[in-house]
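Trainee: What follows is run.tsv, TSV, C-alpha atoms and all ligand atoms.
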```
chain	number	residue	atom	x	y	z
A	238	MET	CA	92.26	-2.04	106.84
A	239	LYS	CA	90.58	-5.10	105.41
A	240	VAL	CA	93.20	-7.50	104.12
A	241	ALA	CA	93.55	-10.74	102.23
A	242	LEU	CA	96.57	-12.75	103.36
A	243	ILE	CA	98.64	-15.14	101.31
A	244	GLY	CA	101.31	-17.02	103.25
A	245	VAL	CA	104.08	-18.54	101.15
A	246	GLY	CA	106.36	-21.27	102.55
A	247	GLN	CA	106.41	-22.68	106.05
A	248	ALA	CA	106.93	-19.47	108.00
A	249	GLY	CA	104.48	-17.68	105.71
A	250	GLY	CA	101.76	-20.25	106.38
A	251	LYS	CA	102.28	-20.36	110.13
A	252	VAL	CA	102.39	-16.59	110.56
A	253	THR	CA	99.29	-16.26	108.37
A	254	GLN	CA	97.45	-18.78	110.52
A	255	SER	CA	98.47	-16.89	113.68
A	256	LEU	CA	97.14	-13.68	112.15
A	257	VAL	CA	93.85	-15.34	111.23
A	258	GLU	CA	93.44	-16.74	114.75
A	259	PHE	CA	94.25	-13.44	116.44
A	260	ASP	CA	91.84	-11.53	114.21
A	261	TYR	CA	89.13	-14.10	114.91
A	262	ASN	CA	89.70	-14.28	118.68
A	263	MET	CA	89.67	-10.49	118.97
A	264	ASP	CA	86.55	-10.30	116.81
A	265	PHE	CA	88.21	-7.68	114.57
A	266	ASN	CA	87.15	-9.12	111.23
A	267	ALA	CA	89.92	-7.29	109.39
A	268	VAL	CA	91.23	-10.46	107.77
A	269	ARG	CA	88.82	-11.18	104.91
A	270	GLY	CA	90.58	-14.09	103.30
A	271	ALA	CA	93.63	-16.25	103.88
A	272	LEU	CA	95.52	-18.85	101.92
A	273	ALA	CA	98.72	-20.76	102.62
A	274	VAL	CA	100.85	-21.75	99.64
A	275	ASN	CA	103.80	-24.10	99.88
A	276	SER	CA	105.80	-26.68	97.93
A	277	ALA	CA	105.95	-28.85	101.08
A	278	GLU	CA	102.80	-30.91	101.55
A	279	ALA	CA	103.38	-31.86	105.21
A	280	ASP	CA	103.72	-28.23	106.26
A	281	LEU	CA	100.37	-27.42	104.68
A	282	GLN	CA	98.69	-30.36	106.41
A	283	ASN	CA	99.61	-28.85	109.77
A	284	LEU	CA	97.54	-25.74	109.05
A	285	ASN	CA	93.83	-25.19	109.49
A	286	ILE	CA	93.40	-22.48	106.85
A	287	ASP	CA	92.89	-22.99	103.10
A	288	THR	CA	95.99	-24.27	101.33
A	289	THR	CA	97.44	-24.68	97.85
A	290	LEU	CA	100.30	-27.07	97.12
A	291	ILE	CA	102.56	-25.88	94.32
A	292	GLY	CA	105.47	-27.44	92.42
A	293	ARG	CA	104.45	-31.05	92.91
A	294	ASP	CA	105.89	-31.98	89.52
A	295	LYS	CA	109.28	-30.57	90.51
A	296	VAL	CA	109.74	-31.40	94.20
A	297	LYS	CA	107.02	-33.99	94.87
A	298	GLY	CA	105.61	-32.18	97.87
A	299	HIS	CA	108.94	-32.03	99.73
A	300	GLY	CA	109.81	-28.33	99.59
A	301	VAL	CA	112.76	-26.74	97.82
A	302	GLY	CA	115.30	-27.07	100.66
A	303	GLY	CA	116.31	-23.43	100.74
A	304	ASP	CA	116.81	-23.12	96.98
A	305	ASN	CA	115.06	-19.81	96.47
A	306	GLU	CA	115.64	-19.72	92.73
A	307	LEU	CA	113.69	-22.93	92.48
A	308	GLY	CA	111.11	-21.39	94.81
A	309	ALA	CA	110.74	-18.46	92.43
A	310	GLU	CA	110.48	-20.73	89.41
A	311	ILE	CA	107.79	-22.86	91.00
A	312	MET	CA	105.77	-19.80	91.97
A	313	GLN	CA	106.12	-18.42	88.48
A	314	GLN	CA	104.40	-21.51	87.13
A	315	SER	CA	101.73	-21.53	89.80
A	316	THR	CA	100.49	-17.94	90.13
A	317	GLY	CA	97.36	-18.74	88.11
A	318	GLU	CA	96.33	-21.46	90.50
A	319	VAL	CA	97.16	-19.38	93.58
A	320	LEU	CA	95.14	-16.42	92.34
A	321	GLU	CA	92.21	-18.62	91.46
A	322	ASN	CA	92.09	-19.81	95.05
A	323	ILE	CA	92.09	-16.35	96.63
A	324	ASP	CA	90.66	-14.07	93.96
A	325	GLY	CA	87.04	-13.83	95.11
A	326	ARG	CA	88.08	-12.61	98.52
A	327	ILE	CA	90.42	-9.97	97.14
A	328	THR	CA	87.96	-8.64	94.62
A	329	SER	CA	85.02	-8.28	96.91
A	330	GLU	CA	86.40	-7.10	100.21
A	331	ALA	CA	90.09	-6.42	100.58
A	332	GLU	CA	91.66	-2.97	100.79
A	333	ALA	CA	95.14	-4.49	100.59
A	334	VAL	CA	96.79	-7.84	99.97
A	335	VAL	CA	99.58	-8.96	102.27
A	336	VAL	CA	101.95	-11.68	101.10
A	337	VAL	CA	103.60	-13.27	104.13
A	338	ALA	CA	106.90	-15.17	103.99
A	339	GLY	CA	110.11	-16.07	105.76
A	340	LEU	CA	112.76	-14.47	103.57
A	341	GLY	CA	115.52	-16.91	104.52
A	342	GLY	CA	114.13	-20.19	103.17
A	343	GLY	CA	113.36	-21.24	99.61
A	344	THR	CA	109.68	-21.41	98.72
A	345	GLY	CA	108.68	-18.20	100.51
A	346	SER	CA	111.93	-16.36	99.86
A	347	GLY	CA	111.86	-16.91	96.11
A	348	GLY	CA	108.12	-17.29	95.68
A	349	ALA	CA	106.71	-14.34	97.61
A	350	PRO	CA	108.25	-11.55	95.49
A	351	ARG	CA	107.12	-13.34	92.31
A	352	LEU	CA	103.61	-13.56	93.61
A	353	VAL	CA	103.65	-9.89	94.59
A	354	GLN	CA	104.74	-8.98	91.07
A	355	GLU	CA	101.80	-10.90	89.62
A	356	LEU	CA	99.32	-9.41	92.11
A	357	GLN	CA	100.52	-5.90	91.21
A	358	ARG	CA	99.75	-6.61	87.60
A	359	ILE	CA	96.16	-7.53	88.39
A	360	TYR	CA	94.93	-5.46	91.35
A	361	GLU	CA	94.71	-1.74	91.99
A	362	ILE	CA	94.87	-2.04	95.77
A	363	PRO	CA	98.26	-1.96	97.56
A	364	ILE	CA	100.19	-5.21	97.68
A	365	TYR	CA	102.38	-5.49	100.77
A	366	THR	CA	104.91	-8.07	101.84
A	367	LEU	CA	105.18	-9.11	105.47
A	368	GLY	CA	108.71	-10.52	105.51
A	369	VAL	CA	110.46	-12.38	108.32
A	370	LEU	CA	114.24	-12.01	108.51
A	371	PRO	CA	116.35	-14.90	109.80
A	372	GLY	CA	117.79	-14.46	113.30
A	373	ASP	CA	121.50	-13.89	113.81
A	374	ASP	CA	122.16	-17.52	114.71
A	375	GLU	CA	120.74	-18.86	111.44
A	376	GLY	CA	123.12	-20.07	108.72
A	377	ALA	CA	124.72	-18.37	105.74
A	378	LEU	CA	122.27	-19.77	103.20
A	379	TYR	CA	119.36	-18.16	105.05
A	380	GLN	CA	121.14	-14.83	105.41
A	381	ALA	CA	122.07	-14.74	101.73
A	382	ASN	CA	118.57	-15.76	100.64
A	383	ALA	CA	117.06	-13.07	102.84
A	384	GLY	CA	119.18	-10.33	101.27
A	385	ARG	CA	118.23	-11.33	97.76
A	386	SER	CA	114.59	-11.83	98.55
A	387	LEU	CA	114.35	-8.53	100.41
A	388	LYS	CA	115.82	-6.64	97.51
A	389	THR	CA	113.30	-8.08	95.09
A	390	ALA	CA	110.43	-7.71	97.54
A	391	VAL	CA	111.20	-4.01	98.05
A	392	ARG	CA	111.19	-3.48	94.32
A	393	GLU	CA	107.87	-5.24	93.78
A	394	SER	CA	105.85	-4.38	96.88
A	395	ASP	CA	104.08	-1.19	97.92
A	396	SER	CA	105.82	-1.67	101.25
A	397	VAL	CA	107.75	-4.48	102.90
A	398	MET	CA	106.83	-4.78	106.57
A	399	LEU	CA	109.88	-6.37	108.05
A	400	VAL	CA	110.17	-8.42	111.22
A	401	ASP	CA	113.53	-9.61	112.47
A	402	ASN	CA	113.24	-13.07	114.01
A	403	ASP	CA	115.45	-11.81	116.84
A	404	ALA	CA	113.18	-8.88	117.65
A	405	TRP	CA	110.33	-10.42	119.59
A	406	ARG	CA	111.52	-13.82	120.73
A	407	GLY	CA	111.58	-14.60	124.44
A	408	SER	CA	114.89	-14.14	126.23
A	409	GLY	CA	116.73	-17.45	126.34
A	410	ASP	CA	114.74	-18.90	123.43
A	411	SER	CA	116.57	-19.96	120.30
A	412	VAL	CA	114.79	-18.83	117.15
A	413	ALA	CA	113.31	-22.30	116.64
A	414	GLU	CA	112.14	-22.64	120.26
A	415	GLY	CA	110.68	-19.19	120.02
A	416	TYR	CA	108.56	-19.59	116.85
A	417	ASP	CA	105.23	-19.86	118.65
A	418	ARG	CA	106.00	-16.87	120.79
A	419	ILE	CA	107.34	-14.87	117.84
A	420	ASN	CA	104.32	-15.74	115.72
A	421	ASP	CA	101.97	-14.69	118.50
A	422	ALA	CA	103.82	-11.39	118.85
A	423	ILE	CA	103.68	-10.79	115.10
A	424	ALA	CA	99.98	-11.67	115.01
A	425	GLN	CA	99.16	-9.33	117.85
A	426	ARG	CA	101.09	-6.35	116.50
A	427	ILE	CA	100.38	-6.70	112.81
A	428	GLY	CA	96.86	-7.88	113.60
A	429	LEU	CA	96.25	-4.69	115.55
A	430	LEU	CA	97.56	-2.68	112.62
A	431	PHE	CA	95.14	-4.42	110.23
A	432	ALA	CA	92.30	-3.86	112.67
A	433	SER	CA	93.08	-0.15	112.90
A	434	GLY	CA	90.27	1.53	111.11
A	435	GLU	CA	87.94	-1.40	111.57
A	436	ALA	CA	86.89	-0.28	115.03
A	437	THR	CA	83.15	-0.07	115.44
A	438	GLU	CA	82.61	1.39	118.90
A	439	GLY	CA	83.26	4.99	119.81
A	440	VAL	CA	83.83	6.17	116.28
A	441	GLY	CA	84.94	9.75	116.67
A	442	GLU	CA	87.14	12.10	114.72
A	443	SER	CA	90.30	10.98	116.46
A	444	VAL	CA	89.79	7.32	115.57
A	445	VAL	CA	92.33	6.00	113.12
A	446	ASP	CA	91.05	4.72	109.79
A	447	SER	CA	92.38	2.49	107.04
A	448	SER	CA	93.39	5.30	104.75
A	449	GLU	CA	95.84	6.52	107.38
A	450	VAL	CA	97.56	3.16	107.46
A	451	ILE	CA	97.70	3.06	103.67
A	452	ASN	CA	98.93	6.66	103.40
A	453	THR	CA	101.65	6.04	105.96
A	454	LEU	CA	102.90	3.05	104.00
A	455	ARG	CA	102.72	5.00	100.75
A	456	SER	CA	106.33	6.16	101.07
A	457	GLY	CA	107.15	2.58	100.09
A	458	GLY	CA	110.40	0.77	100.78
A	459	ILE	CA	110.63	-0.96	104.12
A	460	SER	CA	108.47	-0.46	107.17
A	461	ALA	CA	108.85	-1.53	110.79
A	462	ILE	CA	106.44	-1.77	113.67
A	463	GLY	CA	106.84	-1.08	117.37
A	464	TYR	CA	104.45	-1.98	120.15
A	465	ALA	CA	104.12	-1.66	123.90
A	466	ALA	CA	101.27	-1.80	126.40
A	467	THR	CA	100.79	-0.95	130.05
A	468	GLU	CA	98.07	-0.57	132.68
A	469	ALA	CA	96.10	2.66	132.41
A	470	SER	CA	94.49	4.67	135.18
A	471	GLU	CA	90.74	5.33	135.08
A	472	ASP	CA	91.48	9.03	135.19
A	473	PRO	CA	92.65	10.31	131.77
A	474	GLU	CA	94.59	13.14	133.43
A	475	GLU	CA	96.80	10.53	135.06
A	476	ASN	CA	97.45	8.88	131.70
A	477	VAL	CA	99.29	11.77	130.03
A	478	THR	CA	102.70	10.43	130.99
A	479	THR	CA	101.53	6.81	130.66
A	480	ILE	CA	100.76	7.43	127.00
A	481	THR	CA	104.05	9.19	126.28
A	482	SER	CA	106.08	6.55	128.07
A	483	VAL	CA	104.32	3.60	126.42
A	484	THR	CA	104.99	5.29	123.07
A	485	ARG	CA	108.69	5.63	123.93
A	486	ASN	CA	108.82	1.95	124.84
A	487	ALA	CA	107.13	0.94	121.61
A	488	LEU	CA	109.61	2.83	119.49
A	489	LEU	CA	112.82	2.47	121.47
A	490	THR	CA	112.64	-1.04	122.89
A	491	SER	CA	110.20	-3.10	120.87
A	492	THR	CA	110.33	-2.51	117.14
A	493	SER	CA	110.26	-5.34	114.61
A	494	LEU	CA	113.67	-4.08	113.44
A	495	PRO	CA	115.64	-3.30	116.58
A	496	ASP	CA	117.43	0.05	116.62
A	497	VAL	CA	115.53	1.56	113.72
A	498	THR	CA	114.03	4.95	114.55
A	499	ASP	CA	114.50	7.24	111.53
A	500	ALA	CA	111.61	7.14	109.10
A	501	GLU	CA	110.10	9.02	106.18
A	502	SER	CA	106.62	8.80	107.62
A	503	ALA	CA	105.03	7.27	110.67
A	504	LEU	CA	101.73	6.41	112.26
A	505	LEU	CA	101.06	6.34	116.00
A	506	VAL	CA	98.01	4.39	117.07
A	507	ILE	CA	97.00	4.60	120.73
A	508	ALA	CA	94.71	1.75	121.68
A	509	GLY	CA	92.60	1.69	124.80
A	510	ASP	CA	89.35	2.61	126.50
A	511	PRO	CA	88.28	5.99	125.02
A	512	ASP	CA	87.31	7.19	128.52
A	513	ARG	CA	90.85	6.67	129.73
A	514	LEU	CA	92.72	8.23	126.82
A	515	SER	CA	94.12	11.71	127.35
A	516	ARG	CA	94.12	13.93	124.24
A	517	LYS	CA	97.02	15.86	125.68
A	518	GLY	CA	98.97	12.64	126.15
A	519	VAL	CA	98.21	11.42	122.63
A	520	GLU	CA	99.29	14.75	121.09
A	521	ARG	CA	102.49	14.87	123.15
A	522	ALA	CA	103.33	11.32	122.15
A	523	ARG	CA	102.75	12.12	118.50
A	524	ARG	CA	105.09	15.11	118.69
A	525	TRP	CA	107.69	12.97	120.41
A	526	VAL	CA	107.47	10.48	117.52
A	527	GLU	CA	108.02	13.38	115.09
A	528	ASP	CA	111.15	14.35	116.97
A	529	LYS	CA	112.52	10.86	117.26
A	530	THR	CA	111.88	9.75	113.68
A	531	GLY	CA	112.91	13.05	112.12
A	532	SER	CA	109.74	12.83	110.05
A	533	MET	CA	107.42	15.70	109.28
A	534	GLU	CA	104.72	13.24	108.35
A	535	VAL	CA	103.52	11.56	111.51
A	536	ARG	CA	99.87	10.58	111.57
A	537	GLY	CA	98.07	9.69	114.73
A	538	GLY	CA	94.80	8.14	115.79
A	539	ASP	CA	93.00	6.22	118.50
A	540	PHE	CA	91.91	2.63	118.48
A	541	PRO	CA	88.99	2.21	120.89
A	542	LEU	CA	89.34	-1.04	122.80
A	543	ASP	CA	87.49	-2.27	125.84
A	544	SER	CA	90.56	-2.73	128.01
A	545	GLY	CA	92.16	-1.56	131.23
A	546	LYS	CA	95.41	-1.17	129.36
A	547	VAL	CA	96.71	1.40	126.97
A	548	ALA	CA	98.90	0.33	124.05
A	549	ALA	CA	101.01	2.21	121.54
A	550	LEU	CA	101.52	0.89	118.04
A	551	VAL	CA	104.06	2.77	115.96
A	552	VAL	CA	104.44	2.19	112.23
A	553	LEU	CA	107.66	3.48	110.71
A	554	SER	CA	107.66	3.71	106.95
A	555	GLY	CA	110.61	4.26	104.62
A	556	VAL	CA	113.28	2.97	107.00
A	557	GLU	CA	115.51	1.42	104.34
A	558	ARG	CA	118.17	4.11	104.61
A	559	SER	CA	118.89	3.22	108.23
A	560	GLU	CA	122.18	1.81	109.48
A	561	LYS	CA	120.36	-1.36	110.51
A	562	LEU	CA	119.32	-2.11	106.93
A	563	ASN	CA	122.89	-1.57	105.78
A	564	GLU	CA	124.02	-4.12	108.33
A	565	ILE	CA	121.41	-6.61	107.15
A	566	MET	CA	122.48	-6.24	103.52
A	567	GLU	CA	126.19	-6.46	104.47
A	568	LYS	CA	125.54	-9.64	106.41
A	569	ALA	CA	123.67	-11.09	103.44
A	570	LYS	CA	126.48	-10.14	101.08
A	571	MET	CA	129.16	-11.71	103.22
A	572	ALA	CA	127.08	-14.85	103.53
A	573	ALA	CA	126.55	-14.98	99.77
A	574	ASN	CA	130.26	-14.51	99.16
A	575	SER	CA	131.22	-17.22	101.64
A	576	GLN	CA	128.88	-19.60	99.88
A	577	THR	CA	130.13	-18.81	96.42
A	578	THR	CA	133.74	-19.37	97.53
A	579	GLU	CA	132.82	-22.75	98.94
A	580	THR	CA	131.10	-23.93	95.82
A	581	ASN	CA	132.80	-22.00	93.04
A	582	PRO	CA	135.90	-19.95	93.87
A	583	ASP	CA	135.87	-18.19	90.49
A	584	GLU	CA	132.59	-16.49	91.11
A	585	TYR	CA	133.57	-14.42	94.07
A	586	THR	CA	131.69	-11.26	93.32
A	587	ASN	CA	128.06	-10.85	94.09
A	588	ASP	CA	126.83	-7.58	92.67
A	589	ASP	CA	123.36	-8.83	93.18
A	590	LEU	CA	123.30	-7.60	96.74
A	591	ASP	CA	125.15	-4.36	96.28
A	592	SER	CA	122.60	-1.76	97.06
A	593	LEU	CA	119.16	-2.08	98.45
A	594	ILE	CA	117.72	0.98	96.80
B	601	LIG	N1	108.81	-16.20	112.76
B	601	LIG	C1	108.88	-17.44	112.23
B	601	LIG	N2	109.89	-17.75	111.43
B	601	LIG	C2	109.93	-19.00	110.93
B	601	LIG	C3	108.94	-19.97	111.19
B	601	LIG	N3	109.26	-21.12	110.53
B	601	LIG	C4	110.41	-20.86	109.87
B	601	LIG	N4	110.82	-19.58	110.10
B	601	LIG	C5	111.98	-18.89	109.53
B	601	LIG	O1	111.84	-18.89	108.13
B	601	LIG	C6	113.09	-19.13	107.50
B	601	LIG	C7	113.00	-20.41	106.73
B	601	LIG	O2	111.93	-20.31	105.87
B	601	LIG	P1	110.79	-21.40	105.70
B	601	LIG	O3	109.51	-20.65	105.67
B	601	LIG	O4	110.94	-22.50	106.69
B	601	LIG	O5	111.16	-21.95	104.27
B	601	LIG	P2	110.17	-22.27	103.07
B	601	LIG	O6	109.67	-21.01	102.49
B	601	LIG	O7	109.16	-23.27	103.56
B	601	LIG	O8	111.13	-22.90	101.97
B	601	LIG	P3	111.71	-24.38	101.82
B	601	LIG	O9	111.49	-25.10	103.13
B	601	LIG	O10	113.14	-24.17	101.49
B	601	LIG	O11	110.95	-25.01	100.70
B	601	LIG	C8	114.11	-19.18	108.61
B	601	LIG	O12	114.70	-17.92	108.74
B	601	LIG	C9	113.29	-19.55	109.82
B	601	LIG	O13	113.84	-19.04	111.02
B	601	LIG	C10	107.84	-19.59	112.03
B	601	LIG	O14	106.92	-20.34	112.33
B	601	LIG	N5	107.88	-18.32	112.51
B	602	MG	MG	109.54	-25.36	103.85
```
In C-alpha cells, write the structure found in this file.
Ligand SMILES: Nc1nc2c(ncn2[C@@H]2O[C@H](COP(=O)(O)OP(=O)(O)OP(=O)(O)O)[C@@H](O)[C@H]2O)c(=O)[nH]1
Ligand SMILES: [Mg+2]
Mentor:
Amino acid sequence: MKVALIGVGQAGGKVTQSLVEFDYNMDFNAVRGALAVNSAEADLQNLNIDTTLIGRDKVKGHGVGGDNELGAEIMQQSTGEVLENIDGRITSEAEAVVVVAGLGGGTGSGGAPRLVQELQRIYEIPIYTLGVLPGDDEGALYQANAGRSLKTAVRESDSVMLVDNDAWRGSGDSVAEGYDRINDAIAQRIGLLFASGEATEGVGESVVDSSEVINTLRSGGISAIGYAATEASEDPEENVTTITSVTRNALLTSTSLPDVTDAESALLVIAGDPDRLSRKGVERARRWVEDKTGSMEVRGGDFPLDSGKVAALVVLSGVERSEKLNEIMEKAKMAANSQTTETNPDEYTNDDLDSLI
C-alpha cells in the first residue's frame, strides 16, 4: 500500500521519520511522501524529513504545551499550508494517507483529527490515523487529551491504527527512555504493513496486495497490529508449527493494544522466504486467527522476503468494542474529571468522553 505520511506534533514527526527510514533501509518504497508538521520549531529542526511550522503567530514556535484545543485551532488555520506542502505526493502516488500523532499532547492530539477531516473533504483515498496512546505512567492531562482526541479521530478517519506506548517498550524502560525502541518497533511493524502488497519478487496468487489491507481496514473504527518473528527451517514441512506458533505469539503477546483479540475483520500476513513457507501452516494459522478473533472475515497472504526468519503480522480491525478500549476511555474520563475538579469544581461532568462509538 503506497502511503503519504503526515506527522503532527513531536511524536508524530519522530514516528514518521522512523517509518521513512525503515522503508528506505528495507528498500520497500511504500512511503511515497512524508511531512512533519508542528507548532514547536525546535522539534522540527531535529528531523531530517520535510517540515512545516504552524501557529507561529500564536505560540511563537514553542508548541502548545498540551493544550489540544489550541492545537486544533492552529491546525484549522493551517490546513491550506500543510496540504500545499504534501499535495503533489498524495495526488500522484498514494493509495492512502496516514496522519501520525501522539494523542496525549497538544499539537498532534488536537491537530491530527482536524487535518484528517480536511483531507477527507479533498481526497477519495482512505485517510487513516496512526495514533499513539500515552503509557500508564503518563499524567492526567495526557490521558484526558488522548480520550478526546481518539474519539474525534475515530469519527473522522477511515481507521485509527492505535499503538499503546506501553505495548512495545523494552522491559525496564520508562516510556521516555523507550521512545527510540518504541519508534523502531512501530516503524518495523507498520512499515511492514505498508509494504505488504509492494513486494516485487515471487509474485504469486498467495501474495498479499494493497487492496487486502484496505479492505481489512474498511470496517473502520480502531485497528491494532500484532507482530512476531522466529527462525525458520529450510524445509517447509518443518515450518507448519513454526508458522502457527509465530502467529499465536503475534496475536497473544505482541499487539499494539495489549489484550485485544476480538475483531470485526483481520488480516494475517506471513513474511518470509517463499521456499520456506508451508501452505498448510499458513492456512492453519489463518483459521486459528478466525477462531481467536471471532471474525468471519480473516484475509491472509504472503509477503516474500529474503530472510531466514518467518514473521507473522496480524491486523485486527474494528476492535473498539473490546474491554481494553472501555478501560482506555474510562481512564481518560477519570483523568478529565480530576482535572476539571482541580480547576473548576462546578464543571464536574464530562459528557464529552461518554461513549466512544
Ligand atoms: N512513541 C512515541 N511517543 C512519543 C514520542 N514523543 C512523545 N511521545 C508521546 O506523545 C505524547 C505527547 O505528545 P507530543 O507529540 O510530545 O506533543 P505535541 O503534539 O508535540 O504537542 P505539544 O508539545 O503540546 O505542542 C505523550 O504521550 C508521549 O509519551 C516518541 O518519540 N515516540
Ligand atoms: Mg511538542
Trainee: Applying 8 Å and only C-alpha atoms, which residues near A:Phe431 remain after dropping the ones on its own chain fewer than 6 positions away? List them as a PyMOL selection string.
Mentor: chain A and resi 238-240+267-268
Trainee: Hey, could you make a per-residue contact list for chain A against ligand MG 602 (chain B) with 9 Å as the cut-off, showing the nearest pair of atoms and its distance in Å to one decimal, counting only C-alpha atoms and all ligand atoms, sorted by chain and number, as CSV?
Mentor:
```
residue,atom,partner,partner_atom,distance
A:Gly246,CA,B:MG602,MG,5.3
A:Gln247,CA,B:MG602,MG,4.7
A:Ala248,CA,B:MG602,MG,7.7
A:Asn275,CA,B:MG602,MG,7.1
A:Ser276,CA,B:MG602,MG,7.1
A:Ala277,CA,B:MG602,MG,5.7
A:Asp280,CA,B:MG602,MG,6.9
A:His299,CA,B:MG602,MG,7.9
A:Gly300,CA,B:MG602,MG,5.2
A:Val301,CA,B:MG602,MG,7.0
A:Gly302,CA,B:MG602,MG,6.8
A:Gly303,CA,B:MG602,MG,7.7
A:Gly342,CA,B:MG602,MG,6.9
A:Gly343,CA,B:MG602,MG,7.0
A:Thr344,CA,B:MG602,MG,6.5
A:Gly345,CA,B:MG602,MG,7.9
```
Trainee: Which residues form the shell of 9 Å around ligand LIG 601 (chain B) when you count only C-alpha atoms and all ligand atoms, given as a VMD selection string?
Mentor: chain A and resid 245 to 252 275 to 277 280 299 to 305 307 to 308 338 to 349 369 to 372 375 to 376 379 to 380 383 400 to 403 406 412 to 413 415 to 420 423
Trainee: Interatomic distance between atom CA of A:Arg513 and atom CA of A:Val551?
Mentor: 19.5 Å
Trainee: Let me make sure I understand: among A:Gly458, A:Gly244, A:Pro541, A:Pro495, which one has the smallest atom-to-atom distance to A:Met398 if we use all atoms listed in the file?
Mentor: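 Closest to A:Met398, using all atoms listed in the file: A:Gly458.
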Trainee: Could you tell me how far atom CA of A:Leu488 sits from atom CA of A:Gly509, in Å to one decimal place?
Mentor: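 It comes out at 17.9 Å.
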Trainee: Kindly extract all protein, DNA and RNA residues lying within 9 Å of the coordinates (104.9, -0.1, 100.1) given in the file, considering only C-alpha atoms, and supply them as a compact mmCIF listing (two decimals) with C-alpha atoms, keeping the file's coordinate frame.
Mentor:
```
# COMPACT_ATOMS: atom_id res chain seq x y z
CA PRO A 363 98.26 -1.96 97.56
CA ILE A 364 100.19 -5.21 97.68
CA TYR A 365 102.38 -5.49 100.77
CA THR A 366 104.91 -8.07 101.84
CA VAL A 391 111.20 -4.01 98.05
CA GLU A 393 107.87 -5.24 93.78
CA SER A 394 105.85 -4.38 96.88
CA ASP A 395 104.08 -1.19 97.92
CA SER A 396 105.82 -1.67 101.25
CA VAL A 397 107.75 -4.48 102.90
CA MET A 398 106.83 -4.78 106.57
CA ILE A 451 97.70 3.06 103.67
CA LEU A 454 102.90 3.05 104.00
CA ARG A 455 102.72 5.00 100.75
CA SER A 456 106.33 6.16 101.07
CA GLY A 457 107.15 2.58 100.09
CA GLY A 458 110.40 0.77 100.78
CA ILE A 459 110.63 -0.96 104.12
CA SER A 460 108.47 -0.46 107.17
CA SER A 554 107.66 3.71 106.95
CA GLY A 555 110.61 4.26 104.62
```
Trainee: A:Ser493: which residues within 7 Å, counting all atoms listed in the file, same-chain residues fewer than 3 positions away excluded, as a list in words?
Mentor: Leu399, Val400, Asp401, Ala404, Ala461, Ile462 and Gly463 of chain A
Trainee: How would the residues just picked look written out with C-alpha atoms as a PDB file, in the frame of the given file?
Mentor:
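File produced: selection_8.pdb:
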```pdb
ATOM      1  CA  LEU A 399     109.880  -6.370 108.050  1.00  0.00           C
ATOM      2  CA  VAL A 400     110.170  -8.420 111.220  1.00  0.00           C
ATOM      3  CA  ASP A 401     113.530  -9.610 112.470  1.00  0.00           C
ATOM      4  CA  ALA A 404     113.180  -8.880 117.650  1.00  0.00           C
ATOM      5  CA  ALA A 461     108.850  -1.530 110.790  1.00  0.00           C
ATOM      6  CA  ILE A 462     106.440  -1.770 113.670  1.00  0.00           C
ATOM      7  CA  GLY A 463     106.840  -1.080 117.370  1.00  0.00           C
TER       8      GLY A 463
END
```
Trainee: Please determine, counting all atoms listed in the file, which residue among A:Gly545, A:Gly531, A:Gly537, A:Gly434 has the shortest atom-to-atom distance to A:Asn266.
Mentor: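 Answer, going by the shortest atom-to-atom distance: A:Gly434.
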Trainee: Reconstruct stretch 246-257 of chain A at the level of N, CA and C atoms, and format the result as a PDB file, keeping the file's coordinate frame.
Mentor:
```
ATOM      1  N   GLY A 246     105.331 -20.531 101.807  1.00  0.00           N
ATOM      2  CA  GLY A 246     106.360 -21.270 102.550  1.00  0.00           C
ATOM      3  C   GLY A 246     105.909 -21.559 103.965  1.00  0.00           C
ATOM      4  N   GLN A 247     106.790 -22.223 104.712  1.00  0.00           N
ATOM      5  CA  GLN A 247     106.410 -22.680 106.050  1.00  0.00           C
ATOM      6  C   GLN A 247     106.149 -21.507 107.004  1.00  0.00           C
ATOM      7  N   ALA A 248     107.101 -20.610 107.113  1.00  0.00           N
ATOM      8  CA  ALA A 248     106.930 -19.470 108.000  1.00  0.00           C
ATOM      9  C   ALA A 248     105.718 -18.654 107.551  1.00  0.00           C
ATOM     10  N   GLY A 249     105.593 -18.457 106.247  1.00  0.00           N
ATOM     11  CA  GLY A 249     104.480 -17.680 105.710  1.00  0.00           C
ATOM     12  C   GLY A 249     103.129 -18.263 106.117  1.00  0.00           C
ATOM     13  N   GLY A 250     103.002 -19.577 106.019  1.00  0.00           N
ATOM     14  CA  GLY A 250     101.760 -20.250 106.380  1.00  0.00           C
ATOM     15  C   GLY A 250     101.469 -20.144 107.863  1.00  0.00           C
ATOM     16  N   LYS A 251     102.512 -20.367 108.679  1.00  0.00           N
ATOM     17  CA  LYS A 251     102.280 -20.360 110.130  1.00  0.00           C
ATOM     18  C   LYS A 251     101.955 -18.957 110.638  1.00  0.00           C
ATOM     19  N   VAL A 252     102.659 -17.968 110.124  1.00  0.00           N
ATOM     20  CA  VAL A 252     102.390 -16.590 110.560  1.00  0.00           C
ATOM     21  C   VAL A 252     100.993 -16.171 110.082  1.00  0.00           C
ATOM     22  N   THR A 253     100.629 -16.577 108.878  1.00  0.00           N
ATOM     23  CA  THR A 253      99.290 -16.260 108.370  1.00  0.00           C
ATOM     24  C   THR A 253      98.222 -16.879 109.266  1.00  0.00           C
ATOM     25  N   GLN A 254      98.429 -18.133 109.628  1.00  0.00           N
ATOM     26  CA  GLN A 254      97.450 -18.780 110.520  1.00  0.00           C
ATOM     27  C   GLN A 254      97.358 -18.044 111.860  1.00  0.00           C
ATOM     28  N   SER A 255      98.502 -17.635 112.405  1.00  0.00           N
ATOM     29  CA  SER A 255      98.470 -16.890 113.680  1.00  0.00           C
ATOM     30  C   SER A 255      97.686 -15.592 113.525  1.00  0.00           C
ATOM     31  N   LEU A 256      97.866 -14.930 112.395  1.00  0.00           N
ATOM     32  CA  LEU A 256      97.140 -13.680 112.150  1.00  0.00           C
ATOM     33  C   LEU A 256      95.634 -13.929 112.054  1.00  0.00           C
ATOM     34  N   VAL A 257      95.269 -15.001 111.368  1.00  0.00           N
ATOM     35  CA  VAL A 257      93.850 -15.340 111.230  1.00  0.00           C
ATOM     36  C   VAL A 257      93.250 -15.619 112.598  1.00  0.00           C
TER      37      VAL A 257
END
```
